[in-house]
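What follows is the content of upload_3.cif, which has mmCIF, C-alpha atoms (C1' of nucleotides):
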```cif
data_my_file
#
loop_
_atom_site.label_atom_id
_atom_site.label_comp_id
_atom_site.auth_asym_id
_atom_site.auth_seq_id
_atom_site.Cartn_x
_atom_site.Cartn_y
_atom_site.Cartn_z
CA MET A 16 -28.18 7.96 10.28
CA TYR A 17 -25.51 5.90 8.64
CA TYR A 18 -22.47 8.05 8.01
CA HIS A 19 -20.65 9.36 11.03
CA VAL A 20 -19.06 12.71 10.54
CA ARG A 21 -18.34 13.15 14.25
CA MET A 22 -17.53 10.39 16.66
CA ASP A 23 -20.31 9.29 18.97
CA PRO A 24 -18.95 9.68 22.54
CA GLN A 25 -20.42 6.33 23.55
CA ILE A 26 -18.59 4.56 20.74
CA LEU A 27 -15.37 6.28 21.78
CA ASP A 28 -15.83 5.16 25.38
CA ARG A 29 -16.43 1.61 24.28
CA ARG A 30 -13.33 1.65 22.08
CA LEU A 31 -11.17 2.97 24.90
CA GLU A 32 -12.60 0.33 27.21
CA VAL A 33 -11.69 -2.42 24.73
CA PHE A 34 -8.26 -0.85 24.38
CA ARG A 35 -7.63 -0.93 28.14
CA SER A 36 -8.74 -4.52 28.55
CA ARG A 37 -6.98 -5.82 25.44
CA CYS A 38 -3.73 -4.24 26.63
CA ALA A 39 -4.20 -5.88 30.02
CA GLU A 40 -4.94 -9.29 28.46
CA ARG A 41 -1.91 -9.12 26.20
CA GLY A 42 0.44 -7.79 28.85
CA LEU A 43 0.98 -4.47 27.10
CA SER A 44 1.98 -1.58 29.37
CA LEU A 45 -0.46 1.28 29.33
CA THR A 46 2.07 4.01 28.69
CA HIS A 47 1.04 7.62 28.37
CA GLN A 48 2.18 7.54 24.73
CA ARG A 49 0.04 4.49 23.90
CA TRP A 50 -2.95 6.02 25.55
CA VAL A 51 -2.67 9.30 23.68
CA ILE A 52 -1.98 7.59 20.35
CA TYR A 53 -4.91 5.21 20.66
CA ARG A 54 -7.25 7.88 21.99
CA PHE A 55 -6.48 9.96 18.93
CA LEU A 56 -7.10 7.06 16.55
CA ALA A 57 -10.26 5.98 18.38
CA GLN A 58 -11.88 9.41 18.42
CA THR A 59 -11.70 10.14 14.72
CA VAL A 60 -13.69 8.96 11.72
CA GLN A 61 -10.99 10.16 9.33
CA HIS A 62 -8.61 7.18 9.01
CA PRO A 63 -5.41 9.09 9.67
CA SER A 64 -1.97 8.26 8.32
CA PRO A 65 0.97 7.60 10.68
CA GLU A 66 2.28 11.09 9.88
CA VAL A 67 -1.03 12.78 10.76
CA THR A 68 -1.20 10.72 13.93
CA PHE A 69 2.32 11.87 14.80
CA GLU A 70 1.45 15.53 14.27
CA GLN A 71 -1.68 15.30 16.38
CA VAL A 72 -0.15 13.29 19.22
CA ARG A 73 2.76 15.70 19.26
CA LYS A 74 0.40 18.46 20.39
CA ASP A 75 -0.04 16.51 23.62
CA ILE A 76 3.41 14.94 23.85
CA PRO A 77 5.90 17.21 22.09
CA SER A 78 8.80 14.84 22.75
CA ILE A 79 7.19 11.81 21.09
CA SER A 80 9.07 10.29 18.18
CA LEU A 81 7.73 9.00 14.90
CA ALA A 82 9.35 5.62 15.65
CA THR A 83 7.12 5.30 18.71
CA ILE A 84 4.08 6.00 16.56
CA TYR A 85 5.09 3.28 14.09
CA LYS A 86 6.02 0.76 16.76
CA ASN A 87 2.68 1.19 18.47
CA ILE A 88 0.67 1.10 15.27
CA LYS A 89 2.31 -2.26 14.60
CA THR A 90 1.65 -3.48 18.14
CA PHE A 91 -1.98 -2.36 18.00
CA MET A 92 -2.46 -4.17 14.70
CA GLU A 93 -0.89 -7.34 16.06
CA VAL A 94 -3.36 -7.47 18.95
CA GLY A 95 -6.31 -6.56 16.73
CA LEU A 96 -6.90 -3.09 18.14
CA LEU A 97 -6.29 -1.38 14.83
CA HIS A 98 -6.74 -2.12 11.16
CA GLN A 99 -5.21 -0.77 8.05
CA VAL A 100 -7.28 0.41 5.10
CA SER A 101 -6.09 -0.69 1.65
CA THR A 102 -6.11 2.50 -0.40
CA PRO A 103 -5.77 2.83 -4.17
CA ASP A 104 -2.61 4.92 -3.68
CA HIS A 105 -1.33 2.35 -1.17
CA THR A 106 -0.60 4.81 1.64
CA MET A 107 -1.07 3.57 5.21
CA ARG A 108 -4.39 4.71 6.63
CA LEU A 109 -5.50 3.57 10.06
CA ASP A 110 -8.87 2.39 11.23
CA ALA A 111 -9.84 1.86 14.87
CA ASN A 112 -13.34 0.81 13.91
CA LEU A 113 -13.32 -2.86 14.83
CA GLU A 114 -16.85 -3.56 13.63
CA PRO A 115 -17.16 -5.22 10.20
CA HIS A 116 -17.61 -2.49 7.63
CA SER A 117 -16.75 -1.34 4.14
CA HIS A 118 -15.17 1.85 2.86
CA LEU A 119 -16.10 4.66 0.57
CA ILE A 120 -12.93 6.15 -0.86
CA CYS A 121 -12.58 9.44 -2.72
CA LYS A 122 -10.05 9.05 -5.52
CA ARG A 123 -9.41 12.77 -5.58
CA CYS A 124 -8.82 13.79 -1.96
CA GLY A 125 -8.31 10.37 -0.43
CA ALA A 126 -11.12 10.77 2.10
CA ILE A 127 -12.27 7.46 3.56
CA VAL A 128 -15.75 7.02 5.03
CA ASP A 129 -16.91 3.91 6.84
CA VAL A 130 -19.93 2.12 5.42
CA PRO A 131 -21.58 -0.01 8.12
CA GLU A 132 -21.95 -3.69 7.41
CA GLU A 133 -25.74 -3.45 7.36
CA SER A 134 -25.63 -0.98 4.48
CA VAL A 135 -24.07 -3.52 2.12
CA ALA A 136 -25.81 -6.75 1.18
CA PRO A 137 -23.68 -9.79 2.04
CA LEU A 138 -21.29 -10.94 -0.65
CA GLN A 139 -22.64 -13.74 -2.79
CA LEU A 140 -20.34 -16.06 -4.64
CA LYS A 141 -21.91 -17.72 -7.63
CA HIS A 142 -19.14 -20.25 -8.19
CA PRO A 143 -16.95 -22.22 -5.79
CA LEU A 144 -13.59 -20.73 -4.90
CA PRO A 145 -10.34 -22.58 -5.68
CA ALA A 146 -9.98 -25.78 -3.67
CA GLY A 147 -8.56 -25.35 -0.21
CA PHE A 148 -9.00 -21.61 0.07
CA ARG A 149 -10.37 -20.74 3.50
CA VAL A 150 -12.19 -17.43 3.46
CA GLU A 151 -11.71 -15.37 6.60
CA ASN A 152 -13.38 -12.15 5.59
CA TYR A 153 -13.82 -9.82 2.68
CA LYS A 154 -13.48 -6.13 2.07
CA VAL A 155 -15.51 -3.95 -0.20
CA SER A 156 -14.06 -0.61 -1.27
CA ILE A 157 -16.39 1.71 -3.11
CA LEU A 158 -14.35 4.14 -5.18
CA GLY A 159 -15.48 7.44 -6.58
CA VAL A 160 -15.44 11.17 -5.97
CA CYS A 161 -16.87 12.69 -2.80
CA GLY A 162 -19.27 15.63 -2.59
CA GLN A 163 -16.49 17.97 -1.42
CA CYS A 164 -14.38 17.19 -4.48
CA SER A 165 -17.13 17.54 -7.09
CA PRO A 166 -19.66 19.94 -5.58
CA PRO A 167 -23.02 20.39 -7.34
CA ILE A 168 -22.86 23.22 -9.85
CA ILE A 169 -25.09 26.01 -8.58
CA ALA A 170 -24.22 28.71 -11.06
CA SER A 171 -21.44 28.89 -13.58
CA ASN A 172 -20.30 31.79 -15.66
CA MET B 22 -13.38 -23.33 -15.30
CA TYR B 23 -13.05 -20.16 -13.28
CA TYR B 24 -9.60 -19.92 -11.82
CA HIS B 25 -6.71 -19.56 -14.20
CA VAL B 26 -3.50 -21.09 -12.97
CA ARG B 27 -1.84 -20.76 -16.36
CA MET B 28 -2.44 -18.05 -18.87
CA ASP B 29 -4.66 -18.90 -21.81
CA PRO B 30 -2.59 -18.13 -24.95
CA GLN B 31 -5.59 -16.50 -26.62
CA ILE B 32 -6.02 -14.12 -23.71
CA LEU B 33 -2.33 -13.27 -23.85
CA ASP B 34 -2.55 -12.51 -27.57
CA ARG B 35 -5.53 -10.28 -27.02
CA ARG B 36 -3.74 -8.42 -24.24
CA LEU B 37 -0.68 -7.85 -26.38
CA GLU B 38 -2.89 -6.68 -29.22
CA VAL B 39 -4.55 -4.13 -26.93
CA PHE B 40 -1.11 -3.10 -25.71
CA ARG B 41 0.13 -2.42 -29.23
CA SER B 42 -2.88 -0.42 -30.27
CA ARG B 43 -3.13 1.52 -27.02
CA CYS B 44 0.51 2.53 -27.31
CA ALA B 45 -0.08 3.65 -30.88
CA GLU B 46 -3.19 5.66 -29.91
CA ARG B 47 -1.40 7.39 -27.10
CA GLY B 48 1.79 8.05 -29.02
CA LEU B 49 3.91 5.81 -26.83
CA SER B 50 7.02 4.40 -28.49
CA LEU B 51 7.11 0.65 -28.64
CA THR B 52 10.54 0.21 -27.17
CA HIS B 53 12.04 -3.19 -26.64
CA GLN B 54 11.97 -2.59 -22.88
CA ARG B 55 8.27 -1.73 -22.90
CA TRP B 56 7.44 -4.75 -24.95
CA VAL B 57 9.33 -7.15 -22.70
CA ILE B 58 7.95 -5.58 -19.51
CA TYR B 59 4.37 -5.67 -20.70
CA ARG B 60 4.68 -9.13 -22.18
CA PHE B 61 5.88 -10.40 -18.82
CA LEU B 62 3.00 -8.72 -16.96
CA ALA B 63 0.43 -9.86 -19.51
CA GLN B 64 1.46 -13.53 -19.52
CA THR B 65 1.21 -14.14 -15.79
CA VAL B 66 -1.71 -14.71 -13.43
CA GLN B 67 0.46 -13.98 -10.41
CA HIS B 68 0.22 -10.21 -9.92
CA PRO B 69 3.96 -9.53 -9.69
CA SER B 70 5.59 -6.72 -7.74
CA PRO B 71 7.86 -4.18 -9.49
CA GLU B 72 10.88 -6.00 -8.05
CA VAL B 73 9.76 -9.39 -9.41
CA THR B 74 9.06 -7.77 -12.77
CA PHE B 75 12.55 -6.30 -12.75
CA GLU B 76 14.17 -9.66 -12.00
CA GLN B 77 12.23 -11.42 -14.72
CA VAL B 78 12.71 -8.77 -17.38
CA ARG B 79 16.38 -8.66 -16.53
CA LYS B 80 16.70 -12.21 -17.81
CA ASP B 81 15.88 -10.87 -21.28
CA ILE B 82 17.44 -7.42 -20.95
CA PRO B 83 20.31 -7.61 -18.45
CA SER B 84 21.03 -3.89 -18.74
CA ILE B 85 17.52 -2.74 -17.81
CA SER B 86 17.25 -0.49 -14.78
CA LEU B 87 14.66 -0.58 -12.03
CA ALA B 88 13.82 3.06 -12.80
CA THR B 89 12.71 2.00 -16.27
CA ILE B 90 10.45 -0.62 -14.74
CA TYR B 91 8.86 1.96 -12.44
CA LYS B 92 8.53 4.62 -15.13
CA ASN B 93 6.78 2.19 -17.44
CA ILE B 94 4.52 0.78 -14.75
CA LYS B 95 3.39 4.35 -14.13
CA THR B 96 2.94 5.02 -17.85
CA PHE B 97 0.98 1.81 -18.36
CA MET B 98 -1.29 2.68 -15.44
CA GLU B 99 -1.87 6.18 -16.81
CA VAL B 100 -3.07 4.82 -20.15
CA GLY B 101 -5.15 2.10 -18.49
CA LEU B 102 -3.03 -0.85 -19.60
CA LEU B 103 -2.24 -1.91 -16.06
CA HIS B 104 -3.89 -1.83 -12.67
CA GLN B 105 -2.64 -2.02 -9.16
CA VAL B 106 -4.07 -4.43 -6.60
CA SER B 107 -4.67 -3.02 -3.11
CA THR B 108 -3.11 -5.57 -0.79
CA PRO B 109 -3.50 -5.85 2.99
CA ASP B 110 0.25 -5.35 3.40
CA HIS B 111 0.12 -2.40 0.97
CA THR B 112 2.85 -3.63 -1.34
CA MET B 113 2.52 -2.79 -5.04
CA ARG B 114 1.16 -5.71 -7.02
CA LEU B 115 0.42 -5.38 -10.70
CA ASP B 116 -2.51 -6.62 -12.68
CA ALA B 117 -2.72 -6.67 -16.47
CA ASN B 118 -6.19 -8.20 -16.39
CA LEU B 119 -8.32 -5.35 -17.69
CA GLU B 120 -11.64 -7.18 -17.34
CA PRO B 121 -13.69 -6.25 -14.25
CA HIS B 122 -12.88 -8.78 -11.53
CA SER B 123 -12.31 -9.27 -7.82
CA HIS B 124 -9.40 -10.77 -5.91
CA LEU B 125 -8.80 -13.63 -3.59
CA ILE B 126 -5.83 -12.81 -1.38
CA CYS B 127 -3.92 -15.21 0.85
CA LYS B 128 -2.96 -13.44 4.06
CA ARG B 129 -0.11 -15.83 4.65
CA CYS B 130 1.83 -16.01 1.36
CA GLY B 131 0.35 -12.98 -0.37
CA ALA B 132 -0.88 -14.96 -3.38
CA ILE B 133 -3.52 -13.10 -5.39
CA VAL B 134 -6.01 -14.95 -7.60
CA ASP B 135 -8.44 -13.22 -9.93
CA VAL B 136 -12.12 -13.90 -9.39
CA PRO B 137 -14.09 -13.19 -12.58
CA GLU B 138 -16.87 -10.66 -12.35
CA GLU B 139 -19.53 -13.27 -13.06
CA SER B 140 -18.52 -15.26 -9.97
CA VAL B 141 -19.51 -12.47 -7.61
CA ALA B 142 -23.07 -11.16 -7.38
CA PRO B 143 -23.25 -7.39 -8.00
CA LEU B 144 -22.86 -5.18 -4.95
CA GLN B 145 -26.12 -4.10 -3.40
CA LEU B 146 -26.34 -1.04 -1.21
CA LYS B 147 -29.21 -1.07 1.24
CA HIS B 148 -28.93 2.57 2.25
CA PRO B 149 -28.08 5.72 0.31
CA LEU B 150 -24.46 6.83 0.30
CA PRO B 151 -23.46 10.24 1.68
CA ALA B 152 -24.84 13.10 -0.39
CA GLY B 153 -22.79 14.06 -3.42
CA PHE B 154 -20.63 10.93 -3.56
CA ARG B 155 -20.32 9.76 -7.15
CA VAL B 156 -19.53 6.06 -7.33
CA GLU B 157 -17.16 5.09 -10.12
CA ASN B 158 -16.49 1.47 -9.31
CA TYR B 159 -15.95 -0.87 -6.42
CA LYS B 160 -13.46 -3.54 -5.49
CA VAL B 161 -14.06 -6.72 -3.57
CA SER B 162 -11.12 -8.44 -1.91
CA ILE B 163 -11.75 -11.83 -0.39
CA LEU B 164 -9.18 -12.49 2.31
CA GLY B 165 -8.19 -15.81 3.76
CA VAL B 166 -5.63 -18.57 3.57
CA CYS B 167 -4.95 -20.45 0.35
CA GLY B 168 -4.76 -24.23 -0.05
CA GLN B 169 -0.96 -24.12 -0.36
CA CYS B 170 -0.62 -22.35 2.98
CA SER B 171 -3.00 -24.55 4.96
CA PRO B 172 -2.99 -27.93 3.24
CA PRO B 173 -5.64 -30.47 4.24
CA ILE B 174 -4.42 -32.68 7.08
CA ILE B 175 -4.03 -36.21 5.71
CA ALA B 176 -2.51 -37.86 8.73
CA SER B 177 -1.28 -36.33 11.94
CA ASN B 178 0.66 -37.97 14.72
"C1'" DG C 22 13.39 -4.75 40.71
"C1'" DT C 23 12.53 -6.42 36.23
"C1'" DA C 24 10.67 -6.22 31.95
"C1'" DT C 25 8.99 -3.35 28.51
"C1'" DA C 26 8.63 0.86 25.98
"C1'" DT C 27 10.52 5.34 24.55
"C1'" DG C 28 13.47 8.45 21.95
"C1'" DC C 29 17.13 9.14 19.05
"C1'" DA C 30 19.83 8.30 15.15
"C1'" DA C 31 20.92 5.47 11.60
"C1'" DA C 32 19.67 2.14 8.30
"C1'" DA C 33 16.74 -0.14 5.09
"C1'" DC C 34 13.33 0.10 1.80
"C1'" DC C 35 10.76 1.58 -2.02
"C1'" DT C 36 9.77 4.92 -5.45
"C1'" DT C 37 10.78 9.14 -7.99
"C1'" DT C 38 13.63 12.54 -10.37
"C1'" DG C 39 17.22 14.89 -13.28
"C1'" DC C 40 20.34 14.37 -16.58
"C1'" DT C 41 22.92 12.59 -20.66
"C1'" DA C 42 23.03 9.15 -24.08
"C1'" DT C 43 20.33 6.24 -27.04
"C1'" DA C 44 16.63 4.44 -29.71
"C1'" DG C 45 12.03 4.86 -31.99
"C1'" DT C 46 9.19 7.00 -35.49
"C1'" DA D 19 16.08 14.78 -37.56
"C1'" DC D 20 13.17 15.16 -33.84
"C1'" DT D 21 11.11 13.46 -29.81
"C1'" DA D 22 10.54 10.24 -26.41
"C1'" DT D 23 12.74 6.83 -23.57
"C1'" DA D 24 16.57 4.26 -21.19
"C1'" DG D 25 20.03 4.04 -17.91
"C1'" DC D 26 22.43 5.79 -14.19
"C1'" DA D 27 22.99 7.93 -9.93
"C1'" DA D 28 21.20 10.61 -6.56
"C1'" DA D 29 17.39 12.19 -3.82
"C1'" DG D 30 12.94 11.73 -1.40
"C1'" DG D 31 9.76 9.58 1.41
"C1'" DT D 32 8.33 6.09 4.49
"C1'" DT D 33 9.00 2.44 7.71
"C1'" DT D 34 12.15 -0.32 10.57
"C1'" DT D 35 15.98 -1.26 13.72
"C1'" DG D 36 19.49 -0.99 17.55
"C1'" DC D 37 20.65 0.77 21.58
"C1'" DA D 38 20.79 3.54 25.88
"C1'" DT D 39 17.53 5.70 29.04
"C1'" DA D 40 13.20 5.99 31.21
"C1'" DT D 41 8.75 4.15 32.71
"C1'" DA D 42 5.16 0.78 34.00
"C1'" DC D 43 3.90 -2.87 36.82
#
```
Here is the file; what I need is its structure written in the form of structure tokens.
Amino acid sequence: MYYHVRMDPQILDRRLEVFRSRCAERGLSLTHQRWVIYRFLAQTVQHPSPEVTFEQVRKDIPSISLATIYKNIKTFMEVGLLHQVSTPDHTMRLDANLEPHSHLICKRCGAIVDVPEESVAPLQLKHPLPAGFRVENYKVSILGVCGQCSPPIIASN
Amino acid sequence: MYYHVRMDPQILDRRLEVFRSRCAERGLSLTHQRWVIYRFLAQTVQHPSPEVTFEQVRKDIPSISLATIYKNIKTFMEVGLLHQVSTPDHTMRLDANLEPHSHLICKRCGAIVDVPEESVAPLQLKHPLPAGFRVENYKVSILGVCGQCSPPIIASN
DNA sequence: GTATATGCAAAACCTTTGCTATAGT
DNA sequence: ACTATAGCAAAGGTTTTGCATATAC
């Protein structure tokens, strides 16, 4: 199957492994806060906002501050442990899926679903790009309305 | 040629024509402020931010307020006269190009260049999307570093 | 023991809102 | 004349910063 609704425990383990080693490589302390924040981000398929992350992490660490959440999000992004999804409403949504992939975005509820790289044919450019532009990667966002937001009409009255 | 560095006057005229008629259709007053704001957005290929728009429009209308810029940006987007580019740094960048197109985005300086629809082969999905998802459109952002930001090395010492 | 990270509070942004005066039709 | 919009100022929301204390290594 292609669309993960729950996180595969093996994928989670691998992500946490990468997290530990990347922190070690980059000299980042493995604080309890960092661990809980990253574990939360790594175990979800929902692309949470900083605020949602704060609320969830707070269940484990009631004293945590929103500033710590933001500082660590920034740190994680700097060392490539976390990405940010560009949303049509330009809110910050976080993505701990480090594999190349695209996104399916519901315009109504804002839900974001990962689309694995192998589900989308590689981008083909039919004309050369402007001189000197060095392509690093590309992002495809598929916009529409999800099944939850426009359910099939069974019976209307 | 494919990449517009300057605005084609014919394209500008067409955009302003569409602006006039769309405003009429939707019962929007053609205020001086609206005209100057839209004319600025329509004549550029640079995808300005609200702040940049404000600074430029202020040259013509020194008394204009930033709130007016924001209110009109919102109005123009509601009636489909303006779009918003999703940027990696999630700043608001405006786009008066109403033709379907993709974007080339420089990660370093934030420059955004339109890539015409015909330069990018249509998106092909190799697997079905999650049940019930209704696709409306999709956006391709090509990320990298522009020629200005990483100029070719002529001679190094 | 030393460097780094946390928590708090305040500041800095960016965007929206409410209200009165003004301008468009 | 009537309605919609502009301008102003204030509020709202989000993200960042500075600094003292606490924690990791």
#### Entry: Expected selection from the PyMOL selection byres ((chain B) within 9 of (chain C)), given as number ranges by chain
B: 50-52, 88, 91-92
All Cα atoms, paired in order, least squares: that's the fit I need for chain B onto chain A, output as a short mmCIF file (atom, residue, chain, number, x, y, z; two decimals) with C-alpha atoms, keeping the file's coordinate frame.
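result04.cif was written with the following content:
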```cif
data_model
loop_
_atom_site.label_atom_id
_atom_site.label_comp_id
_atom_site.auth_asym_id
_atom_site.auth_seq_id
_atom_site.Cartn_x
_atom_site.Cartn_y
_atom_site.Cartn_z
CA MET B 22 -28.18 7.90 10.42
CA TYR B 23 -25.47 5.91 8.72
CA TYR B 24 -22.47 8.08 8.09
CA HIS B 25 -20.62 9.41 11.08
CA VAL B 26 -18.99 12.76 10.52
CA ARG B 27 -18.27 13.22 14.21
CA MET B 28 -17.48 10.52 16.68
CA ASP B 29 -20.28 9.45 18.98
CA PRO B 30 -18.92 9.86 22.55
CA GLN B 31 -20.42 6.53 23.59
CA ILE B 32 -18.59 4.74 20.81
CA LEU B 33 -15.36 6.44 21.83
CA ASP B 34 -15.81 5.34 25.44
CA ARG B 35 -16.45 1.79 24.36
CA ARG B 36 -13.35 1.81 22.17
CA LEU B 37 -11.18 3.11 24.98
CA GLU B 38 -12.65 0.52 27.31
CA VAL B 39 -11.74 -2.25 24.86
CA PHE B 40 -8.29 -0.71 24.51
CA ARG B 41 -7.68 -0.80 28.26
CA SER B 42 -8.82 -4.35 28.71
CA ARG B 43 -7.07 -5.66 25.61
CA CYS B 44 -3.81 -4.13 26.77
CA ALA B 45 -4.27 -5.72 30.17
CA GLU B 46 -5.05 -9.15 28.65
CA ARG B 47 -2.03 -9.03 26.42
CA GLY B 48 0.34 -7.69 29.05
CA LEU B 49 0.91 -4.40 27.26
CA SER B 50 1.93 -1.51 29.49
CA LEU B 51 -0.45 1.39 29.44
CA THR B 52 2.09 4.07 28.76
CA HIS B 53 1.11 7.67 28.38
CA GLN B 54 2.24 7.56 24.74
CA ARG B 55 0.07 4.53 23.98
CA TRP B 56 -2.92 6.09 25.60
CA VAL B 57 -2.61 9.36 23.70
CA ILE B 58 -1.94 7.60 20.38
CA TYR B 59 -4.88 5.26 20.72
CA ARG B 60 -7.19 7.94 22.03
CA PHE B 61 -6.43 10.02 18.96
CA LEU B 62 -7.07 7.09 16.60
CA ALA B 63 -10.23 6.05 18.43
CA GLN B 64 -11.84 9.51 18.45
CA THR B 65 -11.63 10.19 14.73
CA VAL B 66 -13.65 9.00 11.75
CA GLN B 67 -10.95 10.14 9.34
CA HIS B 68 -8.59 7.16 9.04
CA PRO B 69 -5.36 9.06 9.70
CA SER B 70 -1.94 8.16 8.33
CA PRO B 71 1.00 7.50 10.70
CA GLU B 72 2.35 10.97 9.87
CA VAL B 73 -0.95 12.69 10.74
CA THR B 74 -1.12 10.67 13.95
CA PHE B 75 2.39 11.79 14.80
CA GLU B 76 1.57 15.46 14.24
CA GLN B 77 -1.56 15.28 16.34
CA VAL B 78 -0.05 13.30 19.19
CA ARG B 79 2.89 15.65 19.20
CA LYS B 80 0.57 18.43 20.31
CA ASP B 81 0.10 16.53 23.58
CA ILE B 82 3.54 14.93 23.81
CA PRO B 83 6.05 17.17 22.02
CA SER B 84 8.92 14.77 22.68
CA ILE B 85 7.28 11.74 21.05
CA SER B 86 9.17 10.16 18.18
CA LEU B 87 7.79 8.85 14.92
CA ALA B 88 9.36 5.46 15.69
CA THR B 89 7.13 5.21 18.75
CA ILE B 90 4.10 5.91 16.60
CA TYR B 91 5.08 3.17 14.16
CA LYS B 92 5.99 0.65 16.86
CA ASN B 93 2.65 1.15 18.56
CA ILE B 94 0.64 1.05 15.35
CA LYS B 95 2.25 -2.33 14.71
CA THR B 96 1.57 -3.51 18.26
CA PHE B 97 -2.05 -2.37 18.13
CA MET B 98 -2.54 -4.18 14.83
CA GLU B 99 -1.00 -7.36 16.24
CA VAL B 100 -3.46 -7.43 19.13
CA GLY B 101 -6.39 -6.52 16.89
CA LEU B 102 -6.97 -3.03 18.27
CA LEU B 103 -6.33 -1.36 14.94
CA HIS B 104 -6.78 -2.13 11.28
CA GLN B 105 -5.25 -0.83 8.14
CA VAL B 106 -7.32 0.35 5.18
CA SER B 107 -6.12 -0.75 1.74
CA THR B 108 -6.13 2.43 -0.32
CA PRO B 109 -5.81 2.78 -4.10
CA ASP B 110 -2.64 4.84 -3.62
CA HIS B 111 -1.34 2.26 -1.11
CA THR B 112 -0.62 4.71 1.68
CA MET B 113 -1.09 3.48 5.25
CA ARG B 114 -4.39 4.63 6.70
CA LEU B 115 -5.49 3.53 10.13
CA ASP B 116 -8.86 2.40 11.32
CA ALA B 117 -9.84 1.92 14.95
CA ASN B 118 -13.36 0.87 14.00
CA LEU B 119 -13.36 -2.80 14.95
CA GLU B 120 -16.91 -3.49 13.76
CA PRO B 121 -17.17 -5.20 10.35
CA HIS B 122 -17.63 -2.47 7.73
CA SER B 123 -16.75 -1.36 4.22
CA HIS B 124 -15.18 1.84 2.93
CA LEU B 125 -16.10 4.64 0.64
CA ILE B 126 -12.93 6.14 -0.79
CA CYS B 127 -12.60 9.42 -2.67
CA LYS B 128 -10.08 9.01 -5.47
CA ARG B 129 -9.41 12.72 -5.54
CA CYS B 130 -8.79 13.76 -1.91
CA GLY B 131 -8.28 10.33 -0.39
CA ALA B 132 -11.10 10.74 2.15
CA ILE B 133 -12.26 7.43 3.62
CA VAL B 134 -15.74 7.02 5.09
CA ASP B 135 -16.90 3.91 6.91
CA VAL B 136 -19.93 2.13 5.52
CA PRO B 137 -21.59 0.00 8.22
CA GLU B 138 -21.95 -3.68 7.52
CA GLU B 139 -25.74 -3.47 7.45
CA SER B 140 -25.63 -0.99 4.56
CA VAL B 141 -24.06 -3.51 2.21
CA ALA B 142 -25.78 -6.76 1.26
CA PRO B 143 -23.61 -9.81 2.04
CA LEU B 144 -21.26 -10.93 -0.70
CA GLN B 145 -22.63 -13.68 -2.88
CA LEU B 146 -20.36 -15.93 -4.88
CA LYS B 147 -21.98 -17.49 -7.91
CA HIS B 148 -19.21 -19.98 -8.61
CA PRO B 149 -16.96 -22.04 -6.35
CA LEU B 150 -13.59 -20.57 -5.46
CA PRO B 151 -10.36 -22.38 -6.37
CA ALA B 152 -9.96 -25.66 -4.50
CA GLY B 153 -8.47 -25.38 -1.03
CA PHE B 154 -8.94 -21.63 -0.60
CA ARG B 155 -10.22 -20.91 2.89
CA VAL B 156 -12.06 -17.60 3.03
CA GLU B 157 -11.53 -15.63 6.22
CA ASN B 158 -13.20 -12.36 5.37
CA TYR B 159 -13.71 -9.94 2.54
CA LYS B 160 -13.41 -6.22 2.04
CA VAL B 161 -15.50 -3.99 -0.15
CA SER B 162 -14.10 -0.63 -1.21
CA ILE B 163 -16.43 1.71 -3.03
CA LEU B 164 -14.41 4.13 -5.11
CA GLY B 165 -15.52 7.44 -6.50
CA VAL B 166 -15.46 11.16 -5.90
CA CYS B 167 -16.85 12.70 -2.72
CA GLY B 168 -19.23 15.66 -2.52
CA GLN B 169 -16.43 17.98 -1.35
CA CYS B 170 -14.34 17.19 -4.42
CA SER B 171 -17.09 17.54 -7.01
CA PRO B 172 -19.63 19.95 -5.54
CA PRO B 173 -23.00 20.29 -7.26
CA ILE B 174 -22.94 23.04 -9.87
CA ILE B 175 -25.22 25.84 -8.66
CA ALA B 176 -24.53 28.38 -11.35
CA SER B 177 -21.97 28.33 -14.11
CA ASN B 178 -21.02 31.10 -16.47
#
```
With all atoms listed in the file counted and 6 Å as the cut-off, give the residues of chain A in contact with chain B, each with its shortest interatomic distance in Å and the pair that gives it, as a tab-separated table.
```
residue	atom	partner	partner_atom	distance
A:Ser101	CA	B:Ser107	CA	5.5
A:His105	CA	B:His111	CA	5.4
A:Ser134	CA	B:Lys147	CA	4.8
A:Val135	CA	B:Leu146	CA	4.7
A:Ala136	CA	B:Gln145	CA	5.3
A:Gln139	CA	B:Ala142	CA	5.3
A:Leu140	CA	B:Val141	CA	4.7
A:Lys141	CA	B:Ser140	CA	4.8
A:His142	CA	B:Ser140	CA	5.3
A:Gly147	CA	B:Gly168	CA	4.0
A:Phe148	CA	B:Cys167	CA	4.2
A:Arg149	CA	B:Val166	CA	5.2
A:Val150	CA	B:Gly165	CA	4.3
A:Glu151	CA	B:Gly165	CA	4.5
A:Asn152	CA	B:Leu164	CA	5.3
A:Tyr153	CA	B:Ile163	CA	4.2
A:Lys154	CA	B:Ser162	CA	5.2
A:Val155	CA	B:Val161	CA	4.6
A:Ser156	CA	B:Lys160	CA	5.2
A:Ile157	CA	B:Tyr159	CA	4.2
A:Leu158	CA	B:Asn158	CA	5.4
A:Gly159	CA	B:Val156	CA	4.3
A:Val160	CA	B:Arg155	CA	5.2
A:Cys161	CA	B:Phe154	CA	4.2
A:Gly162	CA	B:Gly153	CA	3.9
```
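When the PyMOL selection byres ((chain D) within 12 of (chain A)) is evaluated against the file, it yields DG31, DT32, DT33, DT34, DT35, DA40, DT41, DA42 and DC43 of chain D.
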Distance query region 22-34 of chain A at most 9 Å, all atoms listed in the file, self and fewer than 5 positions along chain excluded, as a list in words:
Ala39, Trp50, Tyr53, Arg54, Ala57, Gln58, Thr59, Val60, Leu96, Ala111, Asn112 and Leu113 of chain A
note - CA of Val94 (chain A) and CA of Glu40 (chain A) are separated by 9.8 Å
